[in-house]
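Have a look at data.cif below; it lists mmCIF, N, CA and C atoms.
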```cif
data_work
loop_
_atom_site.label_atom_id
_atom_site.label_comp_id
_atom_site.auth_asym_id
_atom_site.auth_seq_id
_atom_site.Cartn_x
_atom_site.Cartn_y
_atom_site.Cartn_z
N MET A 896 91.38 79.58 95.49
CA MET A 896 91.51 80.89 96.08
C MET A 896 92.78 81.58 95.59
N ASP A 897 92.90 82.83 95.88
CA ASP A 897 94.05 83.63 95.48
C ASP A 897 95.28 83.19 96.26
N PRO A 898 96.39 82.82 95.58
CA PRO A 898 97.56 82.37 96.31
C PRO A 898 98.21 83.45 97.17
N ILE A 899 97.97 84.70 96.85
CA ILE A 899 98.59 85.77 97.64
C ILE A 899 97.93 85.87 99.01
N THR A 900 96.60 85.72 99.07
CA THR A 900 95.94 85.80 100.37
C THR A 900 96.05 84.49 101.12
N MET A 901 96.29 83.39 100.41
CA MET A 901 96.45 82.07 100.98
C MET A 901 95.25 81.65 101.80
N GLU A 902 94.05 82.06 101.39
CA GLU A 902 92.84 81.64 102.06
C GLU A 902 92.46 80.26 101.57
N GLY A 903 91.85 79.49 102.42
CA GLY A 903 91.37 78.19 102.02
C GLY A 903 92.49 77.19 101.80
N GLY A 904 93.66 77.44 102.34
CA GLY A 904 94.79 76.53 102.18
C GLY A 904 95.56 76.84 100.92
N TYR A 905 96.83 76.56 100.94
CA TYR A 905 97.69 76.85 99.80
C TYR A 905 98.34 75.56 99.38
N ASN A 906 98.12 75.13 98.15
CA ASN A 906 98.59 73.85 97.67
C ASN A 906 99.81 73.95 96.78
N GLY A 907 100.41 75.12 96.64
CA GLY A 907 101.56 75.31 95.77
C GLY A 907 102.83 74.75 96.39
N SER A 908 103.88 74.75 95.60
CA SER A 908 105.17 74.25 96.08
C SER A 908 105.77 75.24 97.08
N ASP A 909 106.81 74.76 97.77
CA ASP A 909 107.50 75.63 98.72
C ASP A 909 108.14 76.82 98.02
N GLU A 910 108.61 76.59 96.81
CA GLU A 910 109.24 77.67 96.05
C GLU A 910 108.23 78.74 95.69
N GLU A 911 107.03 78.33 95.27
CA GLU A 911 105.98 79.30 94.94
C GLU A 911 105.55 80.05 96.19
N LYS A 912 105.48 79.36 97.32
CA LYS A 912 105.10 79.99 98.58
C LYS A 912 106.14 81.04 98.97
N GLU A 913 107.42 80.73 98.78
CA GLU A 913 108.47 81.69 99.09
C GLU A 913 108.39 82.90 98.17
N ASP A 914 108.05 82.68 96.89
CA ASP A 914 107.90 83.79 95.95
C ASP A 914 106.77 84.71 96.39
N VAL A 915 105.67 84.12 96.82
CA VAL A 915 104.52 84.91 97.27
C VAL A 915 104.90 85.71 98.52
N GLU A 916 105.58 85.06 99.46
CA GLU A 916 106.00 85.75 100.68
C GLU A 916 106.99 86.87 100.37
N GLU A 917 107.88 86.63 99.41
CA GLU A 917 108.84 87.66 99.02
C GLU A 917 108.13 88.84 98.37
N THR A 918 107.13 88.56 97.54
CA THR A 918 106.35 89.62 96.90
C THR A 918 105.60 90.43 97.96
N ASN A 919 104.98 89.73 98.90
CA ASN A 919 104.25 90.42 99.98
C ASN A 919 105.19 91.29 100.80
N SER A 920 106.36 90.76 101.10
CA SER A 920 107.34 91.52 101.87
C SER A 920 107.78 92.77 101.11
N HIS A 921 108.02 92.60 99.82
CA HIS A 921 108.43 93.74 98.99
C HIS A 921 107.32 94.80 98.95
N LEU A 922 106.07 94.38 98.76
CA LEU A 922 104.95 95.32 98.75
C LEU A 922 104.80 96.03 100.09
N ARG A 923 104.94 95.29 101.17
CA ARG A 923 104.83 95.87 102.50
C ARG A 923 105.92 96.92 102.72
N ASP A 924 107.14 96.61 102.29
CA ASP A 924 108.25 97.56 102.45
C ASP A 924 108.02 98.83 101.63
N ARG A 925 107.57 98.67 100.39
CA ARG A 925 107.31 99.85 99.55
C ARG A 925 106.16 100.67 100.11
N PHE A 926 105.12 100.00 100.60
CA PHE A 926 103.99 100.69 101.20
C PHE A 926 104.46 101.46 102.43
N ARG A 927 105.29 100.81 103.25
CA ARG A 927 105.81 101.46 104.46
C ARG A 927 106.62 102.71 104.10
N LEU A 928 107.49 102.60 103.12
CA LEU A 928 108.29 103.76 102.71
C LEU A 928 107.42 104.90 102.21
N SER A 929 106.40 104.57 101.43
CA SER A 929 105.49 105.61 100.93
C SER A 929 104.75 106.28 102.08
N THR A 930 104.26 105.47 103.01
CA THR A 930 103.53 106.02 104.16
C THR A 930 104.43 106.91 105.01
N ILE A 931 105.65 106.48 105.24
CA ILE A 931 106.60 107.28 106.02
C ILE A 931 106.87 108.60 105.31
N SER A 932 107.05 108.55 104.01
CA SER A 932 107.31 109.76 103.24
C SER A 932 106.14 110.74 103.33
N ILE A 933 104.93 110.22 103.22
CA ILE A 933 103.73 111.08 103.31
C ILE A 933 103.62 111.68 104.71
N ALA A 934 103.83 110.86 105.75
CA ALA A 934 103.72 111.36 107.13
C ALA A 934 104.75 112.44 107.40
N GLU A 935 105.98 112.22 106.96
CA GLU A 935 107.03 113.22 107.17
C GLU A 935 106.74 114.51 106.40
N SER A 936 106.22 114.37 105.19
CA SER A 936 105.89 115.54 104.38
C SER A 936 104.78 116.36 105.02
N GLU A 937 103.74 115.67 105.49
CA GLU A 937 102.62 116.36 106.15
C GLU A 937 103.09 117.05 107.43
N ALA A 938 103.94 116.37 108.19
CA ALA A 938 104.44 116.96 109.43
C ALA A 938 105.27 118.20 109.13
N LYS A 939 106.11 118.11 108.12
CA LYS A 939 106.96 119.24 107.75
C LYS A 939 106.10 120.42 107.29
N GLN A 940 105.05 120.12 106.54
CA GLN A 940 104.15 121.16 106.04
C GLN A 940 103.47 121.89 107.20
N ASP A 941 103.17 121.17 108.28
CA ASP A 941 102.51 121.76 109.44
C ASP A 941 103.50 122.18 110.53
N ASN A 942 104.79 122.22 110.18
CA ASN A 942 105.85 122.60 111.12
C ASN A 942 105.80 121.76 112.40
N MET A 943 105.67 120.45 112.22
CA MET A 943 105.62 119.52 113.36
C MET A 943 106.69 118.45 113.17
N GLU A 944 106.94 117.75 114.25
CA GLU A 944 107.85 116.62 114.19
C GLU A 944 107.10 115.38 114.65
N ILE A 945 107.38 114.25 113.99
CA ILE A 945 106.77 112.98 114.38
C ILE A 945 107.90 112.02 114.72
N SER A 946 107.78 111.37 115.86
CA SER A 946 108.83 110.43 116.25
C SER A 946 108.78 109.19 115.34
N GLN A 947 109.92 108.56 115.18
CA GLN A 947 110.01 107.39 114.29
C GLN A 947 109.09 106.26 114.73
N PRO A 948 108.97 105.94 116.04
CA PRO A 948 108.04 104.86 116.42
C PRO A 948 106.59 105.15 116.02
N VAL A 949 106.20 106.42 116.09
CA VAL A 949 104.83 106.79 115.69
C VAL A 949 104.66 106.62 114.19
N ILE A 950 105.66 107.03 113.42
CA ILE A 950 105.59 106.89 111.97
C ILE A 950 105.49 105.42 111.58
N VAL A 951 106.29 104.56 112.23
CA VAL A 951 106.25 103.13 111.94
C VAL A 951 104.89 102.55 112.31
N CYS A 952 104.33 102.99 113.43
CA CYS A 952 103.00 102.52 113.85
C CYS A 952 101.94 102.93 112.84
N ILE A 953 101.98 104.18 112.39
CA ILE A 953 101.03 104.67 111.38
C ILE A 953 101.17 103.84 110.10
N SER A 954 102.38 103.56 109.71
CA SER A 954 102.64 102.78 108.50
C SER A 954 102.07 101.37 108.62
N ASP A 955 102.31 100.73 109.76
CA ASP A 955 101.79 99.37 109.96
C ASP A 955 100.27 99.34 109.98
N LEU A 956 99.67 100.32 110.64
CA LEU A 956 98.20 100.39 110.68
C LEU A 956 97.62 100.63 109.29
N ALA A 957 98.25 101.50 108.52
CA ALA A 957 97.77 101.77 107.16
C ALA A 957 97.88 100.52 106.30
N PHE A 958 98.96 99.78 106.44
CA PHE A 958 99.12 98.55 105.65
C PHE A 958 98.07 97.51 106.04
N LYS A 959 97.84 97.36 107.34
CA LYS A 959 96.81 96.40 107.79
C LYS A 959 95.42 96.81 107.30
N TYR A 960 95.15 98.11 107.30
CA TYR A 960 93.87 98.60 106.79
C TYR A 960 93.75 98.30 105.29
N ALA A 961 94.83 98.51 104.54
CA ALA A 961 94.80 98.25 103.10
C ALA A 961 94.59 96.76 102.83
N GLU A 962 95.20 95.90 103.63
CA GLU A 962 94.99 94.46 103.47
C GLU A 962 93.54 94.09 103.72
N GLN A 963 92.96 94.63 104.79
CA GLN A 963 91.56 94.33 105.12
C GLN A 963 90.63 94.87 104.04
N LEU A 964 90.93 96.05 103.54
CA LEU A 964 90.12 96.64 102.47
C LEU A 964 90.17 95.77 101.23
N ALA A 965 91.34 95.27 100.88
CA ALA A 965 91.48 94.41 99.71
C ALA A 965 90.66 93.13 99.87
N GLU A 966 90.68 92.55 101.07
CA GLU A 966 89.89 91.34 101.33
C GLU A 966 88.40 91.63 101.21
N ASP A 967 87.96 92.77 101.78
CA ASP A 967 86.55 93.16 101.69
C ASP A 967 86.12 93.35 100.24
N LEU A 968 86.94 94.05 99.46
CA LEU A 968 86.61 94.29 98.06
C LEU A 968 86.52 92.98 97.29
N GLU A 969 87.42 92.07 97.58
CA GLU A 969 87.40 90.75 96.93
C GLU A 969 86.11 90.01 97.27
N MET A 970 85.70 90.07 98.54
CA MET A 970 84.46 89.40 98.95
C MET A 970 83.23 90.04 98.31
N PHE A 971 83.20 91.37 98.21
CA PHE A 971 82.06 92.05 97.57
C PHE A 971 81.94 91.61 96.11
N ALA A 972 83.05 91.59 95.40
CA ALA A 972 83.03 91.18 94.00
C ALA A 972 82.60 89.72 93.87
N HIS A 973 83.13 88.87 94.73
CA HIS A 973 82.77 87.44 94.69
C HIS A 973 81.29 87.26 94.98
N HIS A 974 80.77 88.00 95.95
CA HIS A 974 79.34 87.91 96.29
C HIS A 974 78.46 88.32 95.11
N ALA A 975 78.94 89.27 94.32
CA ALA A 975 78.18 89.73 93.15
C ALA A 975 78.40 88.82 91.95
N GLY A 976 79.20 87.77 92.11
CA GLY A 976 79.43 86.83 91.02
C GLY A 976 80.44 87.32 89.99
N ARG A 977 81.30 88.24 90.40
CA ARG A 977 82.32 88.77 89.50
C ARG A 977 83.69 88.34 89.96
N LYS A 978 84.64 88.36 89.03
CA LYS A 978 86.02 88.01 89.35
C LYS A 978 86.88 89.25 89.53
N SER A 979 86.33 90.42 89.24
CA SER A 979 87.10 91.65 89.39
C SER A 979 86.31 92.65 90.22
N VAL A 980 87.05 93.53 90.87
CA VAL A 980 86.47 94.56 91.72
C VAL A 980 86.09 95.75 90.85
N ASN A 981 84.94 96.35 91.11
CA ASN A 981 84.57 97.56 90.39
C ASN A 981 84.34 98.71 91.37
N MET A 982 84.02 99.86 90.83
CA MET A 982 83.88 101.06 91.64
C MET A 982 82.76 100.92 92.68
N ASN A 983 81.70 100.21 92.35
CA ASN A 983 80.61 100.03 93.31
C ASN A 983 81.09 99.29 94.56
N ASP A 984 82.00 98.32 94.39
CA ASP A 984 82.55 97.61 95.53
C ASP A 984 83.32 98.57 96.44
N VAL A 985 84.06 99.49 95.83
CA VAL A 985 84.84 100.46 96.61
C VAL A 985 83.89 101.39 97.37
N ILE A 986 82.83 101.82 96.72
CA ILE A 986 81.86 102.70 97.38
C ILE A 986 81.18 101.97 98.54
N ILE A 987 80.82 100.71 98.32
CA ILE A 987 80.18 99.92 99.38
C ILE A 987 81.11 99.77 100.58
N SER A 988 82.40 99.64 100.31
CA SER A 988 83.36 99.48 101.41
C SER A 988 83.40 100.70 102.32
N ALA A 989 82.96 101.84 101.83
CA ALA A 989 82.99 103.08 102.61
C ALA A 989 81.62 103.40 103.23
N HIS A 990 80.74 102.41 103.31
CA HIS A 990 79.37 102.69 103.76
C HIS A 990 79.29 103.24 105.19
N ARG A 991 80.26 102.98 106.03
CA ARG A 991 80.22 103.50 107.41
C ARG A 991 80.68 104.94 107.50
N ASN A 992 81.34 105.42 106.45
CA ASN A 992 81.83 106.79 106.42
C ASN A 992 81.09 107.50 105.29
N THR A 993 79.96 108.11 105.61
CA THR A 993 79.11 108.69 104.57
C THR A 993 79.82 109.78 103.77
N HIS A 994 80.67 110.56 104.43
CA HIS A 994 81.40 111.61 103.72
C HIS A 994 82.33 110.99 102.67
N LEU A 995 83.06 109.95 103.06
CA LEU A 995 83.95 109.27 102.12
C LEU A 995 83.15 108.61 100.99
N ALA A 996 82.03 107.98 101.33
CA ALA A 996 81.20 107.34 100.31
C ALA A 996 80.69 108.37 99.31
N ASP A 997 80.28 109.54 99.80
CA ASP A 997 79.83 110.61 98.90
C ASP A 997 80.96 111.09 97.99
N LEU A 998 82.16 111.23 98.56
CA LEU A 998 83.32 111.64 97.74
C LEU A 998 83.64 110.59 96.67
N LEU A 999 83.56 109.32 97.05
CA LEU A 999 83.82 108.26 96.08
C LEU A 999 82.77 108.23 94.97
N ARG A 1000 81.50 108.44 95.35
CA ARG A 1000 80.44 108.49 94.32
C ARG A 1000 80.69 109.64 93.35
N SER A 1001 81.02 110.81 93.90
CA SER A 1001 81.30 111.97 93.06
C SER A 1001 82.48 111.69 92.13
N PHE A 1002 83.53 111.09 92.69
CA PHE A 1002 84.70 110.73 91.89
C PHE A 1002 84.31 109.76 90.78
N SER A 1003 83.48 108.78 91.12
CA SER A 1003 83.03 107.80 90.13
C SER A 1003 82.23 108.45 89.02
N TYR A 1004 81.32 109.36 89.37
CA TYR A 1004 80.51 110.05 88.36
C TYR A 1004 81.40 110.90 87.45
N ASN A 1005 82.38 111.56 88.04
CA ASN A 1005 83.30 112.38 87.24
C ASN A 1005 84.11 111.51 86.27
N LEU A 1006 84.54 110.34 86.73
CA LEU A 1006 85.27 109.43 85.85
C LEU A 1006 84.39 108.96 84.70
N LYS A 1007 83.15 108.63 85.02
CA LYS A 1007 82.23 108.16 83.98
C LYS A 1007 81.93 109.26 82.97
N ALA A 1008 81.85 110.50 83.45
CA ALA A 1008 81.57 111.62 82.55
C ALA A 1008 82.72 111.86 81.60
N LYS A 1009 83.95 111.62 82.05
CA LYS A 1009 85.13 111.83 81.21
C LYS A 1009 85.39 110.67 80.27
N GLU A 1010 84.82 109.51 80.58
CA GLU A 1010 85.06 108.30 79.79
C GLU A 1010 84.35 108.39 78.45
N PRO A 1011 85.09 108.18 77.34
CA PRO A 1011 84.44 108.23 76.03
C PRO A 1011 83.51 107.03 75.84
N GLN A 1012 82.45 107.25 75.12
CA GLN A 1012 81.50 106.17 74.82
C GLN A 1012 82.18 105.16 73.92
N SER A 1013 82.12 103.93 74.29
CA SER A 1013 82.70 102.87 73.48
C SER A 1013 81.66 102.35 72.51
N GLU A 1014 82.08 102.03 71.31
CA GLU A 1014 81.16 101.50 70.31
C GLU A 1014 80.60 100.16 70.75
N LYS A 1015 81.38 99.37 71.46
CA LYS A 1015 80.94 98.05 71.88
C LYS A 1015 79.86 98.13 72.95
N LYS A 1016 79.88 99.16 73.75
CA LYS A 1016 78.92 99.27 74.84
C LYS A 1016 77.56 99.77 74.37
N ARG A 1017 77.52 100.44 73.24
CA ARG A 1017 76.25 100.96 72.74
C ARG A 1017 75.42 99.83 72.16
N LYS A 1018 74.13 99.92 72.39
CA LYS A 1018 73.24 98.93 71.79
C LYS A 1018 73.05 99.28 70.33
N LYS A 1019 73.10 98.27 69.52
CA LYS A 1019 72.84 98.49 68.10
C LYS A 1019 71.34 98.61 67.90
N SER A 1020 70.96 99.57 67.08
CA SER A 1020 69.54 99.74 66.84
C SER A 1020 69.07 98.69 65.85
N SER A 1021 67.82 98.30 66.01
CA SER A 1021 67.27 97.30 65.11
C SER A 1021 67.00 97.94 63.75
N SER A 1022 66.78 97.15 62.76
CA SER A 1022 66.54 97.68 61.41
C SER A 1022 65.25 98.50 61.36
N LYS A 1023 64.27 98.15 62.19
CA LYS A 1023 63.02 98.91 62.24
C LYS A 1023 63.27 100.33 62.74
N GLU A 1024 64.10 100.46 63.78
CA GLU A 1024 64.37 101.78 64.34
C GLU A 1024 65.14 102.65 63.36
N SER A 1025 66.04 102.05 62.61
CA SER A 1025 66.86 102.85 61.70
C SER A 1025 66.03 103.37 60.53
N LYS A 1026 64.93 102.70 60.19
CA LYS A 1026 64.08 103.15 59.09
C LYS A 1026 63.15 104.28 59.53
N GLY A 1027 62.81 104.31 60.81
CA GLY A 1027 61.88 105.32 61.31
C GLY A 1027 62.60 106.59 61.69
N LEU A 1028 61.93 107.40 62.50
CA LEU A 1028 62.50 108.64 62.98
C LEU A 1028 63.65 108.36 63.93
N PRO A 1029 64.63 109.22 63.97
CA PRO A 1029 65.72 109.03 64.93
C PRO A 1029 65.19 109.19 66.35
N SER A 1030 65.84 108.47 67.29
CA SER A 1030 65.36 108.51 68.66
C SER A 1030 65.70 109.84 69.34
N VAL A 1031 66.67 110.60 68.81
CA VAL A 1031 67.04 111.89 69.35
C VAL A 1031 66.98 112.90 68.22
N LEU A 1032 66.24 113.95 68.43
CA LEU A 1032 66.15 115.00 67.43
C LEU A 1032 66.96 116.19 67.87
N ASN A 1033 67.74 116.75 66.97
CA ASN A 1033 68.53 117.93 67.29
C ASN A 1033 67.70 119.14 66.89
N LEU A 1034 67.37 119.97 67.87
CA LEU A 1034 66.53 121.14 67.60
C LEU A 1034 67.32 122.42 67.49
N ASP A 1035 68.65 122.34 67.49
CA ASP A 1035 69.46 123.55 67.37
C ASP A 1035 69.35 124.11 65.95
N PRO A 1036 69.26 125.46 65.82
CA PRO A 1036 69.14 126.05 64.47
C PRO A 1036 70.45 126.02 63.73
#
```
What would you get if you wrote out this structure as structure tokens?
Amino acid sequence: MDPITMEGGYNGSDEEKEDVEETNSHLRDRFRLSTISIAESEAKQDNMEISQPVIVCISDLAFKYAEQLAEDLEMFAHHAGRKSVNMNDVIISAHRNTHLADLLRSFSYNLKAKEPQSEKKRKKSSSKESKGLPSVLNLDP
């Protein structure tokens, strides 16, 4: 299992465990600072004030949500027999929020439309096809 999530037991040394905990702590702190900055910016934009305990609570909830989302995405990829998360996993994670799922699908389609075609991804045509008519005819004058 992934040593960062420490699921299924962790067999590493104490030093490695401390490194993982230090990394997690650092990520949590950076996430918290980013969340606080966003909350303060949004409040200022709306001419509102947010108390520090509320900002800290929002930050902690957002971090816990991000952790749960990461675990869900990992499970979706594992269930599909993959070692990496793809866009479909992210869309599936939003299945309870249809508006968010639709936005993610739209975002995914836009990314795919902007992505250049890779030579490796294209199927090579067989020698029979290359001798015959092309599969796409250009009818522009």
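Atom pair atom N of Asp941 (chain A) / atom C of Asp924 (chain A) has a distance of 23.8 Å (rounded to one decimal).
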- [ ] Pick out the residues sitting within 8 Å of Val951 (chain A), and hand them over as a PyMOL selection string; count all atoms listed in the file, and ignore anything fewer than 6 positions along from it in its own chain.
- [x] chain A and resi 927+930-931+957
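The two atoms in question, atom C of Ser1003 (chain A) and CA of Ile987 (chain A), are spaced 13.6 Å apart.
CA of Val980 (chain A) lies 11.5 Å from CA of Leu964 (chain A).
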Axis-aligned box for region 922-933 of chain A, 3 Å per side, centre and edges in Å as JSON:
```
{"center_x": 105.9, "center_y": 103.0, "center_z": 102.4, "size_x": 10.8, "size_y": 23.3, "size_z": 13.3}
```
Open item on the list: Given the PyMOL selection byres ((chain A and resi 968) around 8) and the file above, list the residues it selects as number ranges by chain.
Closed with: A: 962-967, 969-974, 979-981, 984-985, 988
